[in-house]
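The next block is structure_2.cif, given as mmCIF, C-alpha atoms and all ligand atoms.
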```cif
data_start
loop_
_atom_site.label_atom_id
_atom_site.label_comp_id
_atom_site.auth_asym_id
_atom_site.auth_seq_id
_atom_site.Cartn_x
_atom_site.Cartn_y
_atom_site.Cartn_z
CA MET A 1 0.00 0.00 0.00
CA PHE A 2 1.25 3.42 -0.87
CA TRP A 3 1.75 4.73 2.66
CA LYS A 4 4.06 1.85 3.45
CA LYS A 5 6.43 3.32 0.90
CA ASN A 6 6.46 6.49 2.92
CA LYS A 7 8.10 5.04 5.98
CA THR A 8 9.61 7.66 8.22
CA LYS A 9 13.30 7.94 7.66
CA LYS A 10 15.22 5.93 10.24
CA THR A 11 16.92 8.52 12.31
CA LYS A 12 19.79 7.97 14.66
CA LYS A 13 17.30 8.33 17.48
CA THR A 14 15.08 5.42 16.45
CA LYS A 15 18.10 3.18 16.04
CA LYS A 16 19.31 4.13 19.47
CA THR A 17 15.83 3.45 20.83
CA LYS A 18 15.92 -0.11 19.61
CA LYS A 19 19.17 -0.66 21.47
CA THR A 20 18.31 1.05 24.71
CA VAL A 21 14.60 0.36 25.11
CA SER A 22 13.79 -3.27 24.66
CA GLY A 23 11.14 -5.71 25.74
CA THR A 24 7.38 -5.50 25.62
CA LYS A 25 6.62 -3.49 28.71
CA ASN A 26 4.23 -0.62 28.21
CA PHE A 27 5.12 3.05 28.26
CA GLY A 28 3.74 3.66 31.77
CA LYS A 29 5.81 0.93 33.32
CA ARG A 30 8.98 2.09 31.64
CA PHE A 31 8.28 5.69 32.54
CA LEU A 32 7.97 4.77 36.21
CA GLU A 33 11.18 2.73 36.00
CA LEU A 34 13.00 5.83 34.78
CA PHE A 35 12.74 7.18 38.28
CA ASN A 36 14.32 4.06 39.75
CA THR A 37 17.43 4.25 37.60
CA GLY A 38 18.93 6.88 39.87
CA LYS A 39 19.06 9.35 36.96
CA THR A 40 18.68 12.95 38.03
CA ILE A 41 16.23 15.06 36.06
CA GLY A 42 18.79 16.15 33.48
CA ASN A 43 19.90 15.49 29.92
CA ASP A 44 20.25 11.73 30.33
CA PHE A 45 16.78 11.46 31.82
CA PHE A 46 15.24 13.53 29.03
CA ASP A 47 17.11 11.60 26.31
CA TYR A 48 15.85 8.36 27.71
CA LEU A 49 12.32 9.72 27.96
CA GLU A 50 12.46 10.72 24.29
CA ASP A 51 13.44 7.15 23.43
CA LEU A 52 10.54 5.77 25.47
CA LEU A 53 8.11 8.03 23.66
CA VAL A 54 9.40 7.01 20.23
CA GLU A 55 9.11 3.37 21.21
CA ALA A 56 5.52 3.96 22.38
CA ASP A 57 4.47 5.26 18.90
CA PHE A 58 4.58 8.98 19.63
CA GLY A 59 7.00 9.42 16.71
CA ALA A 60 10.37 11.14 16.82
CA SER A 61 9.29 14.73 16.21
CA VAL A 62 6.42 14.59 18.72
CA ALA A 63 8.78 13.00 21.28
CA VAL A 64 11.27 15.84 20.83
CA GLU A 65 8.48 18.44 21.03
CA LEU A 66 6.96 17.01 24.22
CA VAL A 67 10.28 16.52 25.98
CA GLY A 68 11.23 20.07 24.97
CA GLU A 69 8.03 21.32 26.63
CA LEU A 70 8.74 19.24 29.73
CA LYS A 71 12.29 20.60 29.96
CA GLU A 72 10.87 24.11 29.77
CA THR A 73 8.41 23.33 32.58
CA CYS A 74 11.25 22.01 34.73
CA ARG A 75 13.43 25.01 33.90
CA LYS A 76 10.67 27.43 34.91
CA ASP A 77 9.91 25.51 38.07
CA PRO A 78 13.01 23.69 39.35
CA SER A 79 10.98 22.28 42.24
CA VAL A 80 9.34 19.81 39.77
CA THR A 81 11.70 16.91 40.38
CA ASP A 82 9.62 14.39 42.23
CA LYS A 83 8.07 11.41 40.41
CA LYS A 84 4.49 12.38 41.11
CA GLU A 85 4.86 16.05 40.22
CA LEU A 86 6.81 15.33 37.06
CA THR A 87 4.29 12.73 35.94
CA GLU A 88 1.41 15.13 36.53
CA SER A 89 3.20 17.95 34.67
CA PHE A 90 3.88 15.65 31.75
CA LYS A 91 0.30 14.41 31.65
CA LEU A 92 -0.94 18.01 31.61
CA LEU A 93 1.43 18.84 28.76
CA ILE A 94 0.02 16.03 26.65
CA LYS A 95 -3.55 16.69 27.72
CA LYS A 96 -3.56 20.20 26.36
CA HIS A 97 -3.10 18.70 22.87
CA LEU A 98 -5.95 16.17 23.18
CA LYS A 99 -9.43 16.89 21.90
CA LYS A 100 -12.60 14.91 22.30
CA ALA A 101 -15.15 14.71 19.48
CA GLU A 102 -18.82 14.14 20.22
CA LEU A 103 -20.35 11.91 17.57
CA LYS A 104 -24.06 11.72 17.97
CA PRO A 105 -26.84 11.75 15.41
CA GLU A 106 -28.86 14.90 15.81
CA PRO A 107 -32.55 14.32 16.57
CA GLY A 108 -34.98 15.42 13.88
CA LYS A 109 -32.24 15.65 11.25
CA LEU A 110 -30.58 13.27 8.87
CA THR A 111 -27.04 12.57 10.01
CA VAL A 112 -24.43 11.10 7.67
CA PHE A 113 -21.21 9.60 8.97
CA LEU A 114 -18.74 8.89 6.17
CA VAL A 115 -16.37 6.25 7.49
CA LEU A 116 -12.86 6.44 6.05
CA GLY A 117 -9.76 4.33 6.51
CA VAL A 118 -7.45 1.78 5.05
CA ASN A 119 -8.59 -1.76 4.40
CA GLY A 120 -8.46 -3.93 7.51
CA VAL A 121 -8.38 -1.16 10.14
CA GLY A 122 -11.85 -2.09 11.38
CA LYS A 123 -14.24 0.20 9.50
CA THR A 124 -17.00 -2.36 8.96
CA THR A 125 -16.83 -3.59 12.54
CA THR A 126 -16.88 -0.02 13.81
CA ILE A 127 -19.94 0.83 11.69
CA ALA A 128 -21.74 -2.12 13.31
CA LYS A 129 -20.56 -1.07 16.80
CA LEU A 130 -21.81 2.48 16.22
CA ALA A 131 -25.20 1.18 15.07
CA VAL A 132 -25.51 -0.99 18.19
CA LYS A 133 -24.58 1.93 20.42
CA TYR A 134 -27.01 4.39 18.82
CA LYS A 135 -29.82 1.83 18.78
CA LYS A 136 -29.35 1.36 22.51
CA GLU A 137 -29.62 5.12 22.87
CA GLY A 138 -33.00 4.99 21.15
CA ILE A 139 -32.02 6.08 17.65
CA ASN A 140 -34.04 4.27 15.01
CA GLY A 141 -33.78 4.36 11.26
CA ILE A 142 -30.14 3.45 10.78
CA VAL A 143 -28.94 2.76 7.22
CA PHE A 144 -25.64 1.30 6.12
CA ALA A 145 -24.31 2.40 2.72
CA ALA A 146 -21.98 -0.23 1.26
CA GLY A 147 -19.55 2.21 -0.31
CA ASP A 148 -16.63 -0.22 -0.45
CA THR A 149 -17.67 -1.51 -3.85
CA PHE A 150 -14.14 -2.69 -4.68
CA ARG A 151 -14.44 -5.82 -2.57
CA ALA A 152 -17.46 -8.08 -2.78
CA ALA A 153 -16.43 -9.42 0.64
CA ALA A 154 -16.78 -5.96 2.18
CA VAL A 155 -20.38 -5.69 0.96
CA ASP A 156 -21.14 -9.20 2.26
CA GLN A 157 -19.58 -8.43 5.61
CA LEU A 158 -21.55 -5.20 5.96
CA SER A 159 -24.74 -7.05 4.98
CA VAL A 160 -24.14 -9.62 7.74
CA HIS A 161 -23.60 -6.84 10.27
CA ALA A 162 -26.70 -5.00 9.02
CA GLN A 163 -28.82 -8.08 9.54
CA ARG A 164 -27.39 -8.73 13.00
CA VAL A 165 -27.83 -5.21 14.29
CA GLY A 166 -31.13 -4.52 12.52
CA ALA A 167 -30.01 -1.81 10.13
CA ARG A 168 -31.19 -1.31 6.56
CA ILE A 169 -28.47 -1.63 3.96
CA VAL A 170 -28.12 0.06 0.59
CA LYS A 171 -25.78 -1.78 -1.75
CA GLN A 172 -25.08 -2.33 -5.43
CA GLU A 173 -23.11 -4.91 -7.29
CA SER A 174 -19.37 -5.00 -6.79
CA GLY A 175 -17.46 -2.53 -8.94
CA SER A 176 -20.26 0.06 -9.05
CA ASP A 177 -19.67 3.71 -8.24
CA PRO A 178 -19.35 4.19 -4.45
CA ALA A 179 -20.66 7.76 -4.72
CA ALA A 180 -23.83 6.39 -6.37
CA VAL A 181 -24.38 3.92 -3.52
CA ILE A 182 -24.00 6.64 -0.91
CA PHE A 183 -26.23 8.95 -2.98
CA ASP A 184 -28.97 6.27 -3.04
CA ALA A 185 -28.64 5.70 0.69
CA ILE A 186 -29.08 9.40 1.44
CA ILE A 187 -32.02 9.89 -0.93
CA SER A 188 -33.84 6.80 0.40
CA ALA A 189 -33.09 7.72 4.04
CA LYS A 190 -34.58 11.15 3.45
CA SER A 191 -37.73 9.80 1.87
CA ARG A 192 -38.18 7.26 4.67
CA LYS A 193 -37.38 9.86 7.33
CA GLU A 194 -34.54 7.76 8.73
CA SER A 195 -32.00 9.22 11.17
CA LEU A 196 -28.53 8.01 10.36
CA VAL A 197 -26.57 6.91 7.30
CA LEU A 198 -23.32 5.11 8.13
CA ALA A 199 -21.36 5.01 4.87
CA ASP A 200 -18.50 2.57 4.39
CA THR A 201 -15.74 3.43 1.90
CA ALA A 202 -12.95 1.51 0.21
CA GLY A 203 -9.50 1.93 1.70
CA ARG A 204 -7.68 0.24 -1.08
CA MET A 205 -6.78 2.91 -3.54
CA HIS A 206 -3.61 2.28 -5.47
CA ASN A 207 -2.22 5.70 -4.99
CA LYS A 208 -2.90 8.99 -3.35
CA THR A 209 -4.32 10.62 -6.50
CA ASN A 210 -7.03 7.95 -6.82
CA LEU A 211 -7.84 8.19 -3.14
CA VAL A 212 -8.25 11.96 -3.27
CA LYS A 213 -10.32 11.78 -6.49
CA GLU A 214 -12.63 9.06 -5.20
CA LEU A 215 -13.20 10.59 -1.79
CA SER A 216 -13.59 14.12 -3.14
CA LYS A 217 -16.38 12.88 -5.43
CA ILE A 218 -18.17 11.12 -2.54
CA ASN A 219 -17.73 14.19 -0.38
CA ARG A 220 -19.15 16.46 -3.09
CA ILE A 221 -22.18 14.23 -3.65
CA ILE A 222 -22.95 14.10 0.07
CA ASN A 223 -22.66 17.86 0.40
CA GLU A 224 -24.93 18.36 -2.62
CA LYS A 225 -27.60 16.00 -1.35
CA LEU A 226 -27.79 17.22 2.23
CA ASP A 227 -29.90 20.18 3.27
CA SER A 228 -28.47 22.86 5.48
CA GLY A 229 -30.18 21.36 8.53
CA ASP A 230 -28.63 17.92 8.05
CA ALA A 231 -25.49 16.85 9.85
CA TYR A 232 -22.43 15.38 8.16
CA LYS A 233 -19.18 14.12 9.68
CA LYS A 234 -16.16 12.44 8.15
CA ILE A 235 -14.83 9.84 10.53
CA LEU A 236 -11.40 8.32 10.13
CA VAL A 237 -10.74 4.85 11.51
CA ILE A 238 -7.12 4.01 12.31
CA ASP A 239 -5.63 0.87 13.78
CA ALA A 240 -3.66 1.34 17.01
CA THR A 241 -1.23 -1.41 16.08
CA THR A 242 0.03 0.29 12.90
CA GLY A 243 2.28 2.80 14.64
CA GLN A 244 3.49 5.70 12.55
CA ASN A 245 1.69 4.32 9.47
CA GLY A 246 -1.50 5.30 11.28
CA LEU A 247 -0.27 8.89 11.48
CA ARG A 248 0.61 8.86 7.78
CA GLN A 249 -2.88 7.56 6.94
CA ALA A 250 -4.44 10.30 9.05
CA GLU A 251 -2.39 12.91 7.16
CA ILE A 252 -3.48 11.56 3.77
CA PHE A 253 -7.19 11.25 4.55
CA ASN A 254 -7.24 14.61 6.28
CA GLU A 255 -5.60 16.21 3.28
CA ALA A 256 -8.01 14.45 0.91
CA VAL A 257 -11.35 15.41 2.47
CA GLY A 258 -10.77 16.77 5.97
CA VAL A 259 -11.41 14.55 8.98
CA ASP A 260 -13.90 15.61 11.69
CA ALA A 261 -13.24 12.81 14.17
CA VAL A 262 -10.98 9.82 14.63
CA ILE A 263 -11.87 6.39 15.96
CA MET A 264 -8.89 4.28 16.93
CA THR A 265 -9.50 0.54 16.78
CA LYS A 266 -7.56 -2.41 18.27
CA TYR A 267 -6.52 -0.34 21.26
CA ASP A 268 -6.77 -3.61 23.19
CA SER A 269 -4.03 -5.10 21.00
CA THR A 270 -1.26 -2.64 21.71
CA ALA A 271 0.86 -1.92 24.78
CA LYS A 272 1.86 1.41 23.25
CA GLY A 273 -0.87 4.01 22.71
CA GLY A 274 1.25 7.01 21.71
CA LEU A 275 -0.42 7.17 18.30
CA VAL A 276 -3.40 9.00 19.81
CA ALA A 277 -1.10 11.76 21.05
CA ALA A 278 0.86 11.77 17.78
CA VAL A 279 -2.27 12.29 15.65
CA SER A 280 -3.59 14.90 18.10
CA ILE A 281 -0.35 16.85 18.21
CA LYS A 282 0.58 16.60 14.53
CA LEU A 283 -2.86 17.14 13.02
CA GLY A 284 -5.00 18.59 15.80
CA LEU A 285 -7.72 16.00 15.14
CA PRO A 286 -10.22 15.12 17.87
CA PHE A 287 -10.87 11.52 18.92
CA ALA A 288 -14.38 10.17 19.37
CA PHE A 289 -14.00 6.52 20.38
CA LEU A 290 -11.44 3.83 21.05
CA GLY A 291 -12.16 0.30 19.87
CA LYS A 292 -11.15 -2.09 22.63
CA GLY A 293 -12.12 -5.48 21.25
CA GLU A 294 -14.04 -7.31 18.55
CA GLY A 295 -17.33 -7.41 20.46
CA MET A 296 -20.15 -5.06 19.53
CA ASP A 297 -19.94 -3.29 22.90
CA ASP A 298 -16.19 -2.75 22.75
CA LEU A 299 -16.40 0.84 21.63
CA VAL A 300 -15.52 3.29 24.35
CA PRO A 301 -15.94 7.08 24.16
CA PHE A 302 -12.55 8.77 24.12
CA ASP A 303 -11.75 10.45 27.40
CA PRO A 304 -8.43 12.37 27.58
CA ASP A 305 -7.98 11.75 31.33
CA GLU A 306 -8.70 8.04 31.03
CA TYR A 307 -6.36 7.79 28.07
CA LEU A 308 -3.56 9.47 30.02
CA ASN A 309 -4.16 7.38 33.13
CA ASP A 310 -3.99 4.23 30.99
CA LEU A 311 -0.87 5.42 29.24
CA PHE A 312 0.93 6.22 32.48
CA SER A 313 -0.32 3.30 34.51
CA GLY A 314 2.35 0.90 35.64
CA PRO A 315 1.46 -2.74 35.01
CA ASP A 316 1.83 -4.26 31.58
P1 LIG A 401 -12.28 -3.06 7.47
O1 LIG A 401 -11.58 -3.75 6.35
O2 LIG A 401 -11.65 -1.73 7.74
O3 LIG A 401 -13.74 -2.96 7.29
O4 LIG A 401 -11.97 -3.92 8.78
P2 LIG A 401 -12.93 -4.97 9.55
O5 LIG A 401 -14.07 -4.27 10.19
O6 LIG A 401 -13.23 -6.08 8.63
O7 LIG A 401 -11.96 -5.44 10.72
C1 LIG A 401 -10.75 -6.12 10.51
C2 LIG A 401 -10.48 -7.02 11.71
O8 LIG A 401 -10.21 -6.19 12.85
C3 LIG A 401 -11.63 -7.91 12.09
O9 LIG A 401 -11.13 -9.18 12.44
C4 LIG A 401 -12.24 -7.23 13.31
O10 LIG A 401 -12.88 -8.12 14.19
C5 LIG A 401 -10.99 -6.63 13.94
N1 LIG A 401 -11.28 -5.48 14.82
C6 LIG A 401 -11.99 -4.38 14.53
N2 LIG A 401 -12.00 -3.53 15.59
C7 LIG A 401 -11.27 -4.10 16.57
C8 LIG A 401 -10.90 -3.72 17.92
O11 LIG A 401 -11.22 -2.65 18.43
N3 LIG A 401 -10.11 -4.61 18.61
C9 LIG A 401 -9.70 -5.80 18.06
N4 LIG A 401 -8.94 -6.59 18.81
N5 LIG A 401 -10.03 -6.17 16.82
C10 LIG A 401 -10.80 -5.35 16.07
#
```

Rendering of file as structure tokens:
Amino acid sequence: MFWKKNKTKKTKKTKKTKKTVSGTKNFGKRFLELFNTGKTIGNDFFDYLEDLLVEADFGASVAVELVGELKETCRKDPSVTDKKELTESFKLLIKKHLKKAELKPEPGKLTVFLVLGVNGVGKTTTIAKLAVKYKKEGINGIVFAAGDTFRAAAVDQLSVHAQRVGARIVKQESGSDPAAVIFDAIISAKSRKESLVLADTAGRMHNKTNLVKELSKINRIINEKLDSGDAYKKILVIDATTGQNGLRQAEIFNEAVGVDAVIMTKYDSTAKGGLVAAVSIKLGLPFAFLGKGEGMDDLVPFDPDEYLNDLFSGPD
């Protein structure tokens, strides 16, 4: 896939990280251990912290930025040396970059969520999870639009989910125009007075130009078909286990159509978690939910404090 070709250049720092930070322990545990190494809060400590952040998927430039901010905090207030104070200061530094997105269909309006993301990140599963969640909250009239027309399997999978969760599905044969499928879903939802269209998209474009062209067309059609009172959000799904590739994907999709909210899946399958901070800091995008398992209820609203507590908690 094209973003794999765009791997971040291996810097000296990432090589050093591999040598100095090993094992599978999570960031929180390693961070706490930093204080037991007898290192004073000085250059060595900060260098090591940068390495920990890179290893936890924050990415090199975000690691340097955050540690720079922490150094500045410590310079301004030299009394911040104790483990608890330093941890709290660091959490606050990260927290100021984190934003929470509220994703809720608006009553009395048609809401369209266009779900974007690379193949395999968990888009279809997330669409089903969202439908289950909103149904429980009393929202009826949920329609799936099978906009991933490239893969017959994607349409089948969405159909299975639709049947299980009790959503209507709009689909066409494989290879048809995804914008036409989404168009049909919106027009039929309007005439039936339904509340929410959850539109799947293909994440398998061969290059960036195709991706931008395809998504721009879908985006244009949605904007044309919606009335001013309707609500429309572009939701990007990224997979927590893909590290800096996830950040690259977020950059590409955001550039292509603009992303309103991010859902990060497979959060249960990583001991890292820095990708949330990396996407927040690099792109300023808000997070709506974290996917924490394959079950239909494993979709948890993003909460910056909870995220930070998880990230900094000790046990792995
Ligand atoms: P799509 O190609 O983007 O539509 O991806 P799918 O929805 O088909 O999901 C790909 C795989 O990821 C499936 O096996 C899902 O069960 C799994 N998956 C999706 N979300 C999560 C999650 O939050 N945690 C875990 N562990 N697996 C997930």

(request) Have a look at A:His161, A:Lys266, A:Lys29, A:Lys104 and name the one nearest to Tyr232 in chain A; count only C-alpha atoms. (result) A:Lys104

(request) Within 6 Å of ligand LIG 401 (chain A), which residues show up when you count all atoms listed in the file? List them as a PyMOL selection string, please. (result) chain A and resi 119-125+265-269+291-294

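Atom pair CA of Glu194 in chain A / CA of Leu110 in chain A: separated by 6.8 Å.
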
(message) I'd like the neighbourhood of Ala231 in chain A as a PyMOL selection string, where a residue qualifies if any of its atoms comes within 12 Å (using only C-alpha atoms), though same-chain residues fewer than 2 positions away should be ignored.
(response) chain A and resi 103-114+186+195-197+222-223+225-229+233-234+260

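Between CA of Ile169 in chain A and CA of Ile221 in chain A the interatomic distance comes to 18.7 Å.
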
(message) Just to confirm, what's the straight-line distance from CA of Gln172 in chain A to CA of Gly141 in chain A in Å (one decimal)?
(response) 20.0 Å

Hey, what's within 12 Å of Arg151 in chain A if we count all atoms listed in the file and toss same-chain stuff fewer than 6 positions away? As a PDB file with C-alpha atoms, in the frame of the given file, please?
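This is the output file around_39.pdb:
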```pdb
ATOM      1  CA  ASN A 119      -8.590  -1.760   4.400  1.00  0.00           C
ATOM      2  CA  GLY A 120      -8.460  -3.930   7.510  1.00  0.00           C
ATOM      3  CA  GLN A 157     -19.580  -8.430   5.610  1.00  0.00           C
ATOM      4  CA  LEU A 158     -21.550  -5.200   5.960  1.00  0.00           C
ATOM      5  CA  GLN A 172     -25.080  -2.330  -5.430  1.00  0.00           C
ATOM      6  CA  GLU A 173     -23.110  -4.910  -7.290  1.00  0.00           C
ATOM      7  CA  SER A 174     -19.370  -5.000  -6.790  1.00  0.00           C
ATOM      8  CA  GLY A 175     -17.460  -2.530  -8.940  1.00  0.00           C
ATOM      9  CA  SER A 176     -20.260   0.060  -9.050  1.00  0.00           C
ATOM     10  CA  PRO A 178     -19.350   4.190  -4.450  1.00  0.00           C
ATOM     11  CA  ASP A 200     -18.500   2.570   4.390  1.00  0.00           C
ATOM     12  CA  THR A 201     -15.740   3.430   1.900  1.00  0.00           C
ATOM     13  CA  ALA A 202     -12.950   1.510   0.210  1.00  0.00           C
ATOM     14  CA  GLY A 203      -9.500   1.930   1.700  1.00  0.00           C
ATOM     15  CA  ARG A 204      -7.680   0.240  -1.080  1.00  0.00           C
ATOM     16  CA  MET A 205      -6.780   2.910  -3.540  1.00  0.00           C
TER      17      MET A 205
END
```

Hey, can I get the axis-aligned box for range 178-196 of chain A? All listed atoms, 4 Å padding on each side, centre and edge lengths in Å to one decimal, as JSON.
```
{"center_x": -28.8, "center_y": 7.5, "center_z": 2.4, "size_x": 26.8, "size_y": 15.2, "size_z": 25.5}
```

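Using all atoms listed in the file, the nearest neighbour of Met264 in chain A within the list A:Leu130, A:Val118, A:Ile218, A:Ile238 is A:Ile238.
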
(request) Using all atoms listed in the file, pick whichever of A:Pro78, A:Gly166, A:Gly28, A:Gly273 has the shortest atom-to-atom distance to Val143 in chain A. (result) A:Gly166

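Among A:Ser79, A:Ala271, A:Ile94, A:Asp177, the residue with the shortest atom-to-atom distance to Ala63 in chain A, counting only C-alpha atoms, is A:Ile94.
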
What's the 12 Å shell around range 241-245 of chain A, counting only C-alpha atoms, without same-chain residues fewer than 2 positions away, as a PDB file with C-alpha atoms, in the coordinates of the input?
```
ATOM      1  CA  MET A   1       0.000   0.000   0.000  1.00  0.00           C
ATOM      2  CA  PHE A   2       1.250   3.420  -0.870  1.00  0.00           C
ATOM      3  CA  TRP A   3       1.750   4.730   2.660  1.00  0.00           C
ATOM      4  CA  LYS A   4       4.060   1.850   3.450  1.00  0.00           C
ATOM      5  CA  LYS A   5       6.430   3.320   0.900  1.00  0.00           C
ATOM      6  CA  ASN A   6       6.460   6.490   2.920  1.00  0.00           C
ATOM      7  CA  LYS A   7       8.100   5.040   5.980  1.00  0.00           C
ATOM      8  CA  THR A   8       9.610   7.660   8.220  1.00  0.00           C
ATOM      9  CA  LYS A   9      13.300   7.940   7.660  1.00  0.00           C
ATOM     10  CA  LYS A  10      15.220   5.930  10.240  1.00  0.00           C
ATOM     11  CA  LEU A  53       8.110   8.030  23.660  1.00  0.00           C
ATOM     12  CA  VAL A  54       9.400   7.010  20.230  1.00  0.00           C
ATOM     13  CA  GLU A  55       9.110   3.370  21.210  1.00  0.00           C
ATOM     14  CA  ALA A  56       5.520   3.960  22.380  1.00  0.00           C
ATOM     15  CA  ASP A  57       4.470   5.260  18.900  1.00  0.00           C
ATOM     16  CA  PHE A  58       4.580   8.980  19.630  1.00  0.00           C
ATOM     17  CA  GLY A  59       7.000   9.420  16.710  1.00  0.00           C
ATOM     18  CA  ALA A  60      10.370  11.140  16.820  1.00  0.00           C
ATOM     19  CA  SER A  61       9.290  14.730  16.210  1.00  0.00           C
ATOM     20  CA  VAL A  62       6.420  14.590  18.720  1.00  0.00           C
ATOM     21  CA  GLY A 117      -9.760   4.330   6.510  1.00  0.00           C
ATOM     22  CA  VAL A 118      -7.450   1.780   5.050  1.00  0.00           C
ATOM     23  CA  GLY A 120      -8.460  -3.930   7.510  1.00  0.00           C
ATOM     24  CA  VAL A 121      -8.380  -1.160  10.140  1.00  0.00           C
ATOM     25  CA  GLY A 122     -11.850  -2.090  11.380  1.00  0.00           C
ATOM     26  CA  VAL A 237     -10.740   4.850  11.510  1.00  0.00           C
ATOM     27  CA  ILE A 238      -7.120   4.010  12.310  1.00  0.00           C
ATOM     28  CA  ASP A 239      -5.630   0.870  13.780  1.00  0.00           C
ATOM     29  CA  LEU A 247      -0.270   8.890  11.480  1.00  0.00           C
ATOM     30  CA  ARG A 248       0.610   8.860   7.780  1.00  0.00           C
ATOM     31  CA  GLN A 249      -2.880   7.560   6.940  1.00  0.00           C
ATOM     32  CA  ALA A 250      -4.440  10.300   9.050  1.00  0.00           C
ATOM     33  CA  GLU A 251      -2.390  12.910   7.160  1.00  0.00           C
ATOM     34  CA  ILE A 252      -3.480  11.560   3.770  1.00  0.00           C
ATOM     35  CA  MET A 264      -8.890   4.280  16.930  1.00  0.00           C
ATOM     36  CA  THR A 265      -9.500   0.540  16.780  1.00  0.00           C
ATOM     37  CA  LYS A 266      -7.560  -2.410  18.270  1.00  0.00           C
ATOM     38  CA  TYR A 267      -6.520  -0.340  21.260  1.00  0.00           C
ATOM     39  CA  ASP A 268      -6.770  -3.610  23.190  1.00  0.00           C
ATOM     40  CA  SER A 269      -4.030  -5.100  21.000  1.00  0.00           C
ATOM     41  CA  THR A 270      -1.260  -2.640  21.710  1.00  0.00           C
ATOM     42  CA  ALA A 271       0.860  -1.920  24.780  1.00  0.00           C
ATOM     43  CA  LYS A 272       1.860   1.410  23.250  1.00  0.00           C
ATOM     44  CA  GLY A 273      -0.870   4.010  22.710  1.00  0.00           C
ATOM     45  CA  GLY A 274       1.250   7.010  21.710  1.00  0.00           C
ATOM     46  CA  LEU A 275      -0.420   7.170  18.300  1.00  0.00           C
ATOM     47  CA  VAL A 276      -3.400   9.000  19.810  1.00  0.00           C
ATOM     48  CA  ALA A 277      -1.100  11.760  21.050  1.00  0.00           C
ATOM     49  CA  ALA A 278       0.860  11.770  17.780  1.00  0.00           C
ATOM     50  CA  VAL A 279      -2.270  12.290  15.650  1.00  0.00           C
ATOM     51  CA  LYS A 282       0.580  16.600  14.530  1.00  0.00           C
ATOM     52  CA  GLY A 291     -12.160   0.300  19.870  1.00  0.00           C
ATOM     53  CA  LYS A 292     -11.150  -2.090  22.630  1.00  0.00           C
TER      54      LYS A 292
END
```
